[in-house]
$ cat structure.cif   # mmCIF, C-alpha atoms
data_model
#
loop_
_atom_site.label_atom_id
_atom_site.label_comp_id
_atom_site.auth_asym_id
_atom_site.auth_seq_id
_atom_site.Cartn_x
_atom_site.Cartn_y
_atom_site.Cartn_z
CA MET J 202 56.56 -30.87 6.87
CA LYS J 203 53.75 -31.35 9.31
CA ALA J 204 54.46 -31.93 12.98
CA SER J 205 52.75 -35.32 12.89
CA SER J 206 54.91 -36.59 10.05
CA PHE J 207 57.68 -39.00 11.09
CA ASP J 208 60.48 -41.04 9.62
CA ALA J 209 61.48 -44.63 10.26
CA ASP J 210 63.89 -43.62 13.02
CA ASN J 211 61.72 -41.45 15.24
CA ILE J 212 58.34 -43.14 14.84
CA MET J 213 59.01 -45.70 17.61
CA ASN J 214 59.93 -42.91 20.04
CA GLU J 215 56.55 -41.40 19.27
CA VAL J 216 54.85 -44.77 19.91
CA ASN J 217 56.49 -44.91 23.34
CA ARG J 218 55.46 -41.33 24.09
CA LEU J 219 51.75 -42.00 23.58
CA VAL J 220 49.57 -41.65 26.66
CA HIS J 221 46.32 -43.55 26.99
CA GLU J 222 43.62 -42.96 29.57
CA THR J 223 41.32 -45.76 30.63
CA VAL J 224 37.99 -45.51 28.83
CA SER J 225 34.82 -46.80 30.49
CA ASP J 226 32.76 -49.40 28.64
CA ARG J 227 29.45 -47.86 29.75
CA TYR J 228 28.31 -47.00 26.21
CA ILE J 229 29.02 -50.42 24.73
CA LYS J 230 28.20 -52.88 27.55
CA HIS J 231 24.78 -53.58 26.06
CA LEU J 232 26.26 -54.14 22.59
CA ILE J 233 28.22 -57.31 23.31
CA ASP J 234 26.23 -60.57 22.96
CA ASP J 235 26.72 -63.88 24.89
CA THR J 236 29.50 -65.01 22.55
CA GLY J 237 31.44 -61.78 22.96
CA SER J 238 30.54 -60.47 19.50
CA LEU J 239 29.26 -57.02 18.67
CA VAL J 240 25.56 -56.50 18.05
CA ARG J 241 24.91 -54.83 14.68
CA LYS J 242 21.52 -53.31 15.40
CA LEU J 243 21.36 -49.94 17.16
CA HIS J 244 19.57 -50.08 20.51
CA TRP J 245 17.09 -47.29 21.33
CA ARG J 246 19.59 -46.04 23.91
CA ASP J 247 22.18 -45.62 21.15
CA HIS J 248 19.70 -43.63 19.06
CA VAL J 249 18.82 -41.32 21.95
CA ARG J 250 22.47 -40.73 22.87
CA ASN J 251 23.47 -40.19 19.24
CA ILE J 252 20.83 -37.50 18.80
CA GLY J 253 22.02 -35.91 22.04
CA VAL J 254 25.62 -35.81 20.81
CA ARG J 255 24.49 -34.12 17.57
CA LEU J 256 22.97 -31.45 19.81
CA ASN J 257 26.21 -31.09 21.77
CA PHE J 258 25.20 -33.06 24.88
CA ASN J 259 28.06 -35.18 26.26
CA ARG J 260 29.95 -34.81 22.98
CA ASP J 261 33.43 -34.78 24.52
CA HIS J 262 32.94 -37.95 26.54
CA TYR J 263 31.24 -40.24 24.05
CA LYS J 264 34.01 -42.82 23.89
CA VAL J 265 34.49 -46.52 23.27
CA PRO J 266 37.33 -48.47 24.93
CA PRO J 267 40.03 -49.16 22.30
CA GLY J 268 40.61 -52.81 21.37
CA LEU J 269 39.81 -55.55 18.91
CA TYR J 270 36.09 -56.26 18.51
CA ALA J 271 34.44 -59.13 16.64
CA LEU J 272 31.61 -58.17 14.31
CA GLY J 273 29.62 -61.32 13.54
CA ARG J 274 31.78 -64.48 13.57
CA PRO J 275 35.16 -63.46 12.13
CA THR J 276 37.89 -66.08 11.61
CA LYS J 277 41.65 -65.70 11.50
CA ASP J 278 41.33 -64.87 7.80
CA SER J 279 38.74 -62.10 8.22
CA GLU J 280 39.58 -58.48 7.45
CA VAL J 281 40.64 -56.01 10.16
CA ILE J 282 38.79 -52.70 9.90
CA VAL J 283 40.42 -49.83 11.80
CA THR J 284 38.31 -47.04 13.24
CA ALA J 285 38.14 -44.22 15.82
CA ASN J 286 36.86 -44.61 19.39
CA TYR J 287 34.11 -42.01 19.00
CA LYS J 288 30.86 -43.84 19.76
CA LEU J 289 28.99 -42.12 16.91
CA THR J 290 31.64 -43.41 14.48
CA PHE J 291 31.68 -46.83 16.12
CA ASP J 292 27.88 -47.15 15.74
CA THR J 293 28.06 -46.26 12.05
CA VAL J 294 30.77 -48.85 11.47
CA ARG J 295 29.13 -51.75 13.31
CA SER J 296 25.68 -51.12 11.83
CA ARG J 297 26.70 -50.59 8.17
CA ILE J 298 29.18 -53.42 7.56
CA LYS J 299 27.38 -56.60 6.45
CA ARG J 300 30.27 -59.08 6.44
CA ASP J 301 31.93 -60.69 9.46
CA CYS J 302 35.15 -58.93 10.34
CA TRP J 303 37.40 -57.63 13.10
CA ILE J 304 37.04 -54.03 14.19
CA LEU J 305 40.21 -52.49 15.57
CA VAL J 306 39.25 -49.44 17.61
CA ILE J 307 42.24 -47.21 18.29
CA ASP J 308 42.33 -44.39 20.83
CA THR J 309 41.46 -41.09 19.12
CA ASP J 310 40.29 -39.50 22.36
CA GLY J 311 36.65 -39.80 21.31
CA ILE J 312 37.18 -37.78 18.13
CA ASN J 313 35.94 -38.79 14.67
CA VAL J 314 38.29 -40.21 12.03
CA TRP J 315 38.88 -37.15 9.85
CA CYS J 316 39.30 -34.59 12.64
CA ALA J 317 41.51 -36.98 14.64
CA ALA J 318 43.64 -37.62 11.54
CA GLY J 319 43.96 -33.86 10.94
CA LYS J 320 45.31 -33.49 14.47
CA GLY J 321 47.61 -36.50 14.11
CA ARG J 322 45.70 -38.41 16.78
CA PHE J 323 44.42 -41.01 14.32
CA GLY J 324 48.04 -41.48 13.41
CA THR J 325 50.83 -43.84 12.47
CA ALA J 326 52.13 -44.19 16.03
CA GLU J 327 48.68 -44.93 17.44
CA ILE J 328 48.11 -47.72 14.90
CA ILE J 329 51.54 -49.27 15.51
CA TYR J 330 50.90 -49.10 19.26
CA TRP J 331 47.65 -51.10 19.11
CA ILE J 332 48.99 -53.66 16.62
CA GLU J 333 51.80 -54.40 19.07
CA LYS J 334 49.78 -54.15 22.27
CA LEU J 335 47.01 -56.45 21.03
CA VAL J 336 49.54 -58.75 19.31
CA LEU J 337 47.43 -58.54 16.19
CA SER J 338 49.79 -60.81 14.26
CA SER J 339 48.71 -63.72 16.50
CA ARG J 340 44.99 -62.96 16.07
CA VAL J 341 44.88 -63.08 12.26
CA ASN J 342 46.75 -65.09 9.61
CA HIS J 343 47.01 -62.28 7.06
CA ARG J 344 48.83 -58.94 7.25
CA ARG J 345 46.23 -56.46 6.00
CA LEU J 346 44.58 -53.47 7.64
CA ILE J 347 41.63 -51.62 6.16
CA LEU J 348 41.70 -47.93 7.10
CA PRO J 349 39.06 -45.35 6.31
CA GLN J 350 40.34 -43.13 3.49
CA LEU J 351 39.87 -40.05 5.66
CA ALA J 352 42.52 -41.35 8.08
CA GLY J 353 45.00 -40.33 5.36
CA PRO J 354 45.98 -36.91 6.82
CA GLY J 355 47.28 -38.63 9.98
CA VAL J 356 48.73 -41.90 8.77
CA GLN J 357 51.91 -42.74 6.91
CA ALA J 358 50.94 -46.09 5.44
CA HIS J 359 54.50 -46.99 4.41
CA LEU J 360 55.74 -46.63 8.00
CA VAL J 361 53.00 -48.91 9.35
CA LYS J 362 54.10 -51.55 6.84
CA GLN J 363 57.78 -51.08 7.66
CA LYS J 364 57.33 -51.34 11.43
CA THR J 365 54.60 -53.97 11.77
CA GLY J 366 54.45 -55.86 8.48
CA PHE J 367 50.81 -54.93 8.05
CA THR J 368 49.87 -53.44 4.68
CA VAL J 369 47.48 -50.51 4.89
CA HIS J 370 44.62 -50.51 2.42
CA TYR J 371 42.71 -47.25 2.32
CA GLY J 372 39.05 -48.16 2.08
CA PRO J 373 36.28 -45.89 0.86
CA VAL J 374 35.36 -42.58 2.52
CA ARG J 375 31.97 -43.92 3.65
CA VAL J 376 31.73 -47.21 5.51
CA GLU J 377 28.55 -48.25 3.66
CA ASP J 378 30.72 -48.75 0.56
CA LEU J 379 33.12 -51.04 2.41
CA ASP J 380 31.53 -54.38 1.56
CA GLN J 381 31.55 -53.49 -2.12
CA TYR J 382 35.13 -52.27 -1.91
CA LEU J 383 36.27 -55.57 -0.39
CA GLU J 384 34.32 -57.65 -2.92
CA ASN J 385 35.97 -55.55 -5.59
CA ASP J 386 39.44 -56.71 -4.52
CA TYR J 387 40.32 -53.54 -2.57
CA GLN J 388 39.40 -51.25 -5.46
CA ALA J 389 37.32 -48.17 -4.70
CA THR J 390 35.35 -46.42 -7.39
CA GLU J 391 35.94 -42.72 -8.07
CA LYS J 392 32.72 -41.92 -6.21
CA MET J 393 33.76 -43.92 -3.11
CA ARG J 394 36.95 -41.85 -2.90
CA ARG J 395 35.24 -38.44 -2.86
CA VAL J 396 33.89 -36.59 0.14
CA SER J 397 30.57 -34.91 -0.41
CA PHE J 398 28.73 -32.22 1.51
CA ASN J 399 25.14 -32.63 0.40
CA VAL J 400 22.01 -31.21 2.04
CA LYS J 401 21.60 -34.23 4.30
CA GLU J 402 25.19 -33.97 5.52
CA ARG J 403 24.87 -30.24 6.06
CA LEU J 404 21.68 -30.77 8.06
CA GLN J 405 23.54 -33.25 10.25
CA VAL J 406 26.26 -30.80 11.28
CA LEU J 407 24.09 -27.71 11.63
CA PRO J 408 22.25 -28.46 14.93
CA LEU J 409 25.51 -28.23 16.88
CA GLU J 410 26.15 -24.59 15.96
CA CYS J 411 22.42 -23.83 16.33
CA MET J 412 22.59 -24.92 19.96
CA HIS J 413 25.39 -22.43 20.70
CA VAL J 414 23.50 -19.62 19.04
CA ALA J 415 20.19 -20.58 20.69
CA ILE J 416 21.83 -20.29 24.12
CA GLN J 417 23.40 -16.92 23.27
CA LEU J 418 20.11 -15.55 21.91
CA ALA J 419 18.13 -16.85 24.91
CA ILE J 420 20.42 -14.97 27.31
CA VAL J 421 20.00 -11.78 25.26
CA LEU J 422 16.21 -12.27 25.18
CA ILE J 423 16.08 -12.41 28.98
CA LEU J 424 18.05 -9.16 29.03
CA PHE J 425 15.51 -7.62 26.65
CA TRP J 426 12.65 -8.65 28.94
CA LEU J 427 14.34 -7.26 32.02
CA ILE J 428 15.21 -3.85 30.58
CA PRO J 429 11.98 -1.86 30.18
CA PHE J 430 12.83 0.26 27.10
CA LEU J 431 14.04 -2.73 25.04
CA SER J 432 11.34 -4.48 23.04
CA SER J 433 11.50 -8.17 22.32
CA ARG J 434 10.36 -7.39 18.78
CA ASP J 435 13.74 -5.75 18.22
CA TRP J 436 15.37 -8.92 19.52
CA LEU J 437 14.06 -10.54 16.33
CA LEU J 438 16.75 -8.57 14.49
CA LEU J 439 19.43 -10.57 16.29
CA LEU J 440 17.51 -13.79 15.73
CA ALA J 441 17.54 -13.03 11.99
CA GLY J 442 21.33 -12.78 12.02
CA GLY J 443 21.79 -15.89 14.15
CA ALA J 444 19.38 -18.03 12.12
CA THR J 445 20.86 -16.88 8.82
CA GLY J 446 24.41 -17.67 9.91
CA THR J 447 23.64 -21.11 11.32
CA ILE J 448 20.70 -22.41 9.25
CA LEU J 449 20.08 -20.50 6.03
CA PHE J 450 23.71 -20.04 5.04
CA PRO J 451 24.69 -23.72 5.50
CA LEU J 452 21.61 -24.80 3.54
CA LEU J 453 22.33 -22.41 0.66
CA LEU J 454 26.10 -23.06 0.76
CA PRO J 455 26.44 -24.37 -2.84
CA ILE J 456 24.63 -21.34 -4.29
CA ARG J 457 26.16 -18.70 -2.00
CA PRO J 458 26.63 -15.42 -3.87
CA PHE J 459 30.25 -14.83 -2.80
CA LYS J 460 33.07 -17.36 -2.43
CA ARG J 461 33.90 -15.86 0.94
CA PHE J 462 31.55 -17.19 3.59
CA TYR J 463 31.24 -14.05 5.72
CA GLN J 464 30.21 -11.88 2.78
CA SER J 465 27.55 -14.37 1.75
CA GLY J 466 26.23 -14.68 5.32
CA MET J 467 25.89 -10.93 5.63
CA LEU J 468 24.15 -10.59 2.27
CA MET J 469 21.70 -13.37 3.13
CA ALA J 470 20.79 -11.73 6.44
CA LEU J 471 20.25 -8.31 4.88
CA PRO J 472 16.72 -8.87 3.43
CA PHE J 473 15.43 -10.14 6.78
CA ILE J 474 16.93 -7.19 8.65
CA ILE J 475 15.42 -4.73 6.17
CA LEU J 476 12.05 -6.49 6.43
CA LEU J 477 12.13 -6.25 10.23
CA LEU J 478 13.08 -2.56 10.12
CA TYR J 479 10.45 -1.75 7.49
CA GLY J 480 7.72 0.53 8.79
CA THR J 481 9.40 1.06 12.17
CA ARG J 482 11.06 4.22 13.38
CA LEU J 483 14.80 3.87 12.90
CA THR J 484 16.02 4.56 16.43
CA LEU J 485 19.64 4.37 17.54
CA ILE J 486 18.85 1.16 19.41
CA ARG J 487 17.40 -0.47 16.30
CA SER J 488 20.22 0.69 14.03
CA GLY J 489 22.77 -0.67 16.47
CA LEU J 490 21.00 -4.02 16.67
CA ALA J 491 20.72 -4.21 12.87
CA LEU J 492 24.48 -3.71 12.48
CA MET J 493 25.24 -6.24 15.19
CA SER J 494 22.92 -8.74 13.54
CA LEU J 495 24.64 -8.29 10.19
CA ALA J 496 28.04 -8.83 11.81
CA TYR J 497 26.69 -11.86 13.71
CA ALA J 498 25.46 -13.49 10.48
CA GLY J 499 28.81 -12.88 8.79
CA PHE J 500 30.82 -14.18 11.72
CA LEU J 501 28.72 -17.33 12.08
CA ALA J 502 28.93 -18.02 8.35
CA MET J 503 32.71 -17.67 8.53
CA ASN J 504 32.67 -20.07 11.47
CA PHE J 505 30.98 -22.64 9.27
CA THR J 506 34.28 -23.13 7.41
CA GLY J 507 35.16 -25.54 10.23
CA SER J 508 32.16 -27.73 9.43
CA THR J 509 32.68 -27.99 5.70
CA THR J 510 34.58 -30.67 3.82
CA PHE J 511 36.39 -28.46 1.33
CA THR J 512 37.83 -25.26 2.88
CA SER J 513 41.62 -25.08 3.04
CA LEU J 514 43.84 -23.65 5.75
CA SER J 515 45.37 -20.93 3.58
CA GLY J 516 41.95 -20.11 2.11
CA VAL J 517 40.42 -19.59 5.53
CA GLU J 518 43.42 -17.51 6.59
CA GLN J 519 42.83 -15.35 3.53
CA GLU J 520 39.11 -15.01 4.29
CA MET J 521 39.75 -14.13 7.93
CA LYS J 522 42.18 -11.36 7.00
CA THR J 523 39.23 -9.28 5.86
CA GLY J 524 36.36 -11.21 7.46
CA LEU J 525 37.51 -10.79 11.03
CA PRO J 526 38.04 -6.99 10.99
CA VAL J 527 34.82 -6.45 9.03
CA THR J 528 32.56 -8.55 11.26
CA ILE J 529 34.16 -7.57 14.58
CA GLY J 530 34.37 -3.91 13.50
CA LEU J 531 30.77 -3.78 12.34
CA GLY J 532 29.65 -5.51 15.52
CA MET J 533 31.56 -3.01 17.67
CA ILE J 534 30.13 -0.01 15.80
CA GLY J 535 26.65 -1.52 16.24
CA LEU J 536 27.28 -2.06 19.93
CA ILE J 537 28.45 1.53 20.45
CA ILE J 538 25.41 2.93 18.61
CA TRP J 539 23.17 0.65 20.67
CA ILE J 540 24.77 1.75 23.96
CA ILE J 541 24.39 5.43 22.99
CA GLY J 542 20.74 4.69 22.13
CA CYS J 543 20.20 3.01 25.49
CA ILE J 544 21.83 5.90 27.39
CA SER J 545 19.67 8.48 25.61
CA GLU J 546 16.57 6.39 26.49
CA VAL J 547 17.53 6.36 30.15
CA VAL J 548 18.35 10.09 30.17
CA SER J 549 15.13 11.20 28.46
CA MET O 97 32.02 -27.16 -4.07
CA LYS O 98 35.08 -24.97 -4.31
CA TYR O 99 36.56 -22.34 -2.05
CA LEU O 100 38.94 -19.43 -2.75
CA SER O 101 40.58 -20.83 -5.86
CA ASP O 102 43.95 -19.07 -5.86
CA GLN O 103 44.73 -20.01 -2.27
CA ASN O 104 46.60 -23.19 -1.75
CA THR O 105 50.09 -24.49 -1.23
CA LEU O 106 50.03 -27.94 -2.85
CA LYS O 107 53.13 -28.79 -4.89
CA LEU O 108 54.24 -31.98 -6.61
CA ASP O 109 57.83 -32.67 -7.63
CA SER O 110 57.46 -35.06 -10.56
CA GLY O 111 61.21 -35.62 -10.56
CA LEU O 112 60.95 -37.43 -7.21
CA CYS O 113 57.62 -39.17 -7.89
CA ILE O 114 57.77 -42.95 -8.29
CA GLY O 115 54.16 -43.20 -9.43
CA CYS O 116 52.91 -45.44 -6.60
CA GLY O 117 49.52 -43.71 -6.65
CA ARG O 118 49.04 -43.50 -2.88
CA CYS O 119 48.37 -39.74 -3.08
CA MET O 120 45.61 -40.31 -5.61
CA GLU O 121 44.08 -42.93 -3.35
CA VAL O 122 43.91 -40.75 -0.23
CA CYS O 123 42.85 -37.45 -1.86
CA PRO O 124 39.21 -36.78 -0.97
CA HIS O 125 38.72 -34.27 -3.80
CA GLY O 126 40.29 -35.98 -6.80
CA VAL O 127 42.97 -33.29 -7.03
CA ILE O 128 45.66 -35.72 -8.19
CA GLN O 129 45.02 -37.87 -11.25
CA GLN O 130 46.78 -40.56 -13.28
CA PRO O 131 49.50 -40.28 -14.62
CA ILE O 132 50.37 -38.66 -11.30
CA HIS O 133 49.93 -34.91 -11.70
CA ILE O 134 47.89 -32.14 -10.10
CA GLU O 135 44.70 -31.94 -12.12
CA HIS O 136 42.42 -29.77 -9.95
CA GLN O 137 44.67 -27.48 -7.92
CA ASP O 138 41.77 -25.25 -6.87
CA ALA O 139 39.87 -28.17 -5.29
CA CYS O 140 42.69 -28.88 -2.80
CA MET O 141 41.69 -28.39 0.83
CA GLU O 142 45.22 -28.89 2.19
CA CYS O 143 44.32 -31.83 4.42
CA GLY O 144 47.85 -33.18 3.92
CA ALA O 145 46.89 -36.81 3.27
CA CYS O 146 48.92 -37.01 0.03
CA GLN O 147 52.02 -35.58 1.67
CA MET O 148 51.76 -37.95 4.63
CA ASN O 149 51.43 -41.00 2.43
CA CYS O 150 54.07 -40.15 -0.13
CA PRO O 151 56.97 -42.55 0.57
CA VAL O 152 59.49 -40.35 -1.30
CA GLU O 153 58.37 -36.89 -0.11
CA ALA O 154 57.54 -35.71 -3.61
CA ILE O 155 54.52 -33.76 -2.38
CA THR O 156 54.58 -30.71 -0.17
CA VAL O 157 51.59 -28.83 1.17
CA SER O 158 51.26 -26.57 4.16
CA ALA O 159 48.63 -28.79 5.74
CA GLY O 160 46.12 -27.96 8.42
CA VAL O 161 42.45 -27.73 9.16
CA GLY O 162 40.57 -24.93 7.38
CA CYS O 163 38.49 -23.87 10.35
CA ALA O 164 38.02 -20.22 11.34
CA ALA O 165 37.05 -21.09 14.92
CA ALA O 166 40.21 -23.16 15.44
CA MET O 167 42.41 -20.36 14.11
CA LEU O 168 40.64 -17.80 16.23
CA LEU O 169 41.04 -19.99 19.29
CA LYS O 170 44.75 -20.38 18.61
CA PHE O 171 45.07 -16.61 18.50
CA VAL O 172 42.87 -15.97 21.54
CA GLU O 173 44.74 -18.53 23.64
CA LYS O 174 47.68 -16.12 23.70
CA THR O 175 45.56 -13.28 25.09
CA PRO O 176 43.77 -12.71 28.43
CA PHE O 177 40.45 -13.13 26.56
CA ARG O 178 40.95 -16.92 26.66
CA ILE O 179 38.74 -17.21 29.74
CA PHE O 180 35.71 -16.41 27.53
CA PHE O 181 36.39 -19.24 25.10
CA LYS O 182 35.84 -22.90 25.72
CA LYS O 183 37.62 -25.41 23.55
CA ASP O 184 34.57 -26.87 21.87
CA CYS O 185 35.68 -28.16 18.49
CA CYS O 186 36.27 -31.51 16.94
#
$ encode --input "structure.cif" --output "structure tokens"
Amino acid sequence: MKASSFDADNIMNEVNRLVHETVSDRYIKHLIDDTGSLVRKLHWRDHVRNIGVRLNFNRDHYKVPPGLYALGRPTKDSEVIVTANYKLTFDTVRSRIKRDCWILVIDTDGINVWCAAGKGRFGTAEIIYWIEKLVLSSRVNHRRLILPQLAGPGVQAHLVKQKTGFTVHYGPVRVEDLDQYLENDYQATEKMRRVSFNVKERLQVLPLECMHVAIQLAIVLILFWLIPFLSSRDWLLLLAGGATGTILFPLLLPIRPFKRFYQSGMLMALPFIILLLYGTRLTLIRSGLALMSLAYAGFLAMNFTGSTTFTSLSGVEQEMKTGLPVTIGLGMIGLIIWIIGCISEVVS
Amino acid sequence: MKYLSDQNTLKLDSGLCIGCGRCMEVCPHGVIQQPIHIEHQDACMECGACQMNCPVEAITVSAGVGCAAAMLLKFVEKTPFRIFFKKDCC
């Protein structure tokens, strides 16, 4: 059993153990209108900050204070929609739901629903805590909670019911289907229940990793400029590996040649490396860089398992058993060849 | 999209199952189908949602997040190399 799984006896101990830090309302101050309701439309400041977060700026601190928010003019009979306190998630929820409802934001430490659920943070105890703290039973007449389906890995719905009287309804995966789900008497279609990972979704997660790689490559480029016998044209070899691992591989994910990510990443980088080496003299420095680039592409592709919606824990363990020694080993061999090449340049 | 097909730990004990259908509801990959049984074993990503929401513990899966970076970090945290790695995940 998972560590975050509880039974009826120990769940309340867990609720009492929860620690909550105070979260500033700086990102939502401008979203509350005169009547205290949430604004649905995204302000330009939200758009700018959301793009920034996608690029890894301020990503760990993009939080919303937990609590019960009114979207539109909800009554005591309106639905209660539970969500995470990550501002990016919060914006999606408030802008996509058409009906008037209550939004119960629980404290997931600024992490999105699925990841927080996987860590147990979007969990049973957290939900029970906020139902009690906010005295939810006095705010609404009914006893229903609508949870995003992807909260499933963290929540034991039967325990929420047992301890608070609130029945958990797992809504659709995507909040844009929520209105239809509710009109449909809490029935989700097959399609609403499935996670996807289409091109658009892959393009949304790829800038984050690109930023890491861009910083790494920029540092190496400066090094190449500073050291006289290194040419920045050879730096393109490393760029090929980095770009393949973070852009090309994620885009071609459904048609990757091998099931294992690292093998596919390396194979995809190979034509570019060969093209860059074509017609040049194959020095030790270049050979070393080519090997490092290949390893880099493989490693980055393997890293992409964390961004996908379908890789399993035991599958990734299996892939890493060979992927890690191969990519690290190849990278080390490349580095040694490169260092020998550099030394011989200096000596001659 | 599917991953390494022979690698997962999902098991359902139909003897314990009461057929409430919660597992089917929370599964993001349609692995479990009506009447409650494992239909697409190889599509399971071991998120653990079915196990968490099974009121009679009829489902077991060694759940976790399939993320190479997270696993690497877990390993590195035990070594002196940890100073080179920043926790920068979801």
$ closest_residue --input "structure.cif" --among "J:Asp386, J:Asp378, J:Asp310, J:Glu280" --to "chain O" --atoms "all atoms listed in the file"
J:Asp310
$ resolve_selection --input "structure.cif" --expression "the PyMOL selection byres ((chain O) within 6 of (chain J))" --output "list in words"
Tyr99, Leu100, Gln103, Asn104, Val122, Pro124, His125, Met141, Glu142, Cys143, Gly144, Ala145, Met148, Asn149, Gly160, Val161, Gly162, Cys163, Ala164 and Ala165 of chain O
$ resolve_selection --input "structure.cif" --expression "the PyMOL selection byres ((chain O and resi 137) around 8)" --output "list in words"
Asn104, Leu106, Val127, Ile134, Glu135, His136, Asp138, Ala139 and Cys140 of chain O
$ atom_distance --input "structure.cif" --atom1 "atom CA of Glu173 of chain O" --atom2 "atom CA of His413 of chain J"
20.0 Å
$ atom_distance --input "structure.cif" --atom1 "atom CA of Thr105 of chain O" --atom2 "atom CA of Val157 of chain O"
5.2 Å
$ axis_aligned_box --input "structure.cif" --around "segment 163-175 of chain O" --padding-each-side "8 Å" --output "JSON"
{"center_x": 42.4, "center_y": -18.6, "center_z": 17.7, "size_x": 26.6, "size_y": 26.6, "size_z": 30.7}
$ atom_distance --input "structure.cif" --atom1 "atom CA of Tyr228 of chain J" --atom2 "atom CA of Leu348 of chain J"
23.4 Å
$ residues_around --input "structure.cif" --residues "Ile229 of chain J" --least-positions-apart "4" --cutoff "9 Å" --atoms "only C-alpha atoms" --output "NGL selection string"
:J and (225 or 233 or 239 or 265-266 or 288)
$ resolve_selection --input "structure.cif" --expression "the PyMOL selection byres ((chain J and resi 330) around 10)" --output "count of residues only"
19
$ residues_around --input "structure.cif" --residues "His343 of chain J" --least-positions-apart "3" --cutoff "8 Å" --atoms "only C-alpha atoms" --output "PyMOL selection string"
chain J and resi 277-278+338
$ residues_around --input "structure.cif" --residues "Ser110 of chain O" --least-positions-apart "3" --cutoff "9 Å" --atoms "all atoms listed in the file" --output "VMD selection string"
chain O and resid 113 to 115 132 to 133 154 to 155
$ closest_residue --input "structure.cif" --among "J:Val220, J:Ala498, J:Leu485, J:Leu424" --to "Ile538 of chain J" --atoms "all atoms listed in the file"
J:Leu485
$ closest_residue --input "structure.cif" --among "J:His231, J:Arg241, J:Arg218, J:Arg255" --to "Met412 of chain J" --atoms "all atoms listed in the file"
J:Arg255
$ residues_around --input "structure.cif" --residues "Glu153 of chain O" --least-positions-apart "6" --cutoff "9 Å" --atoms "all atoms listed in the file" --output "list in words"
Asp109, Leu112, Cys113 and Gln147 of chain O
$ residues_around --input "structure.cif" --residues "Met120 of chain O" --least-positions-apart "5" --cutoff "9 Å" --atoms "all atoms listed in the file" --output "ChimeraX atom specification"
/O:126-130,132,146
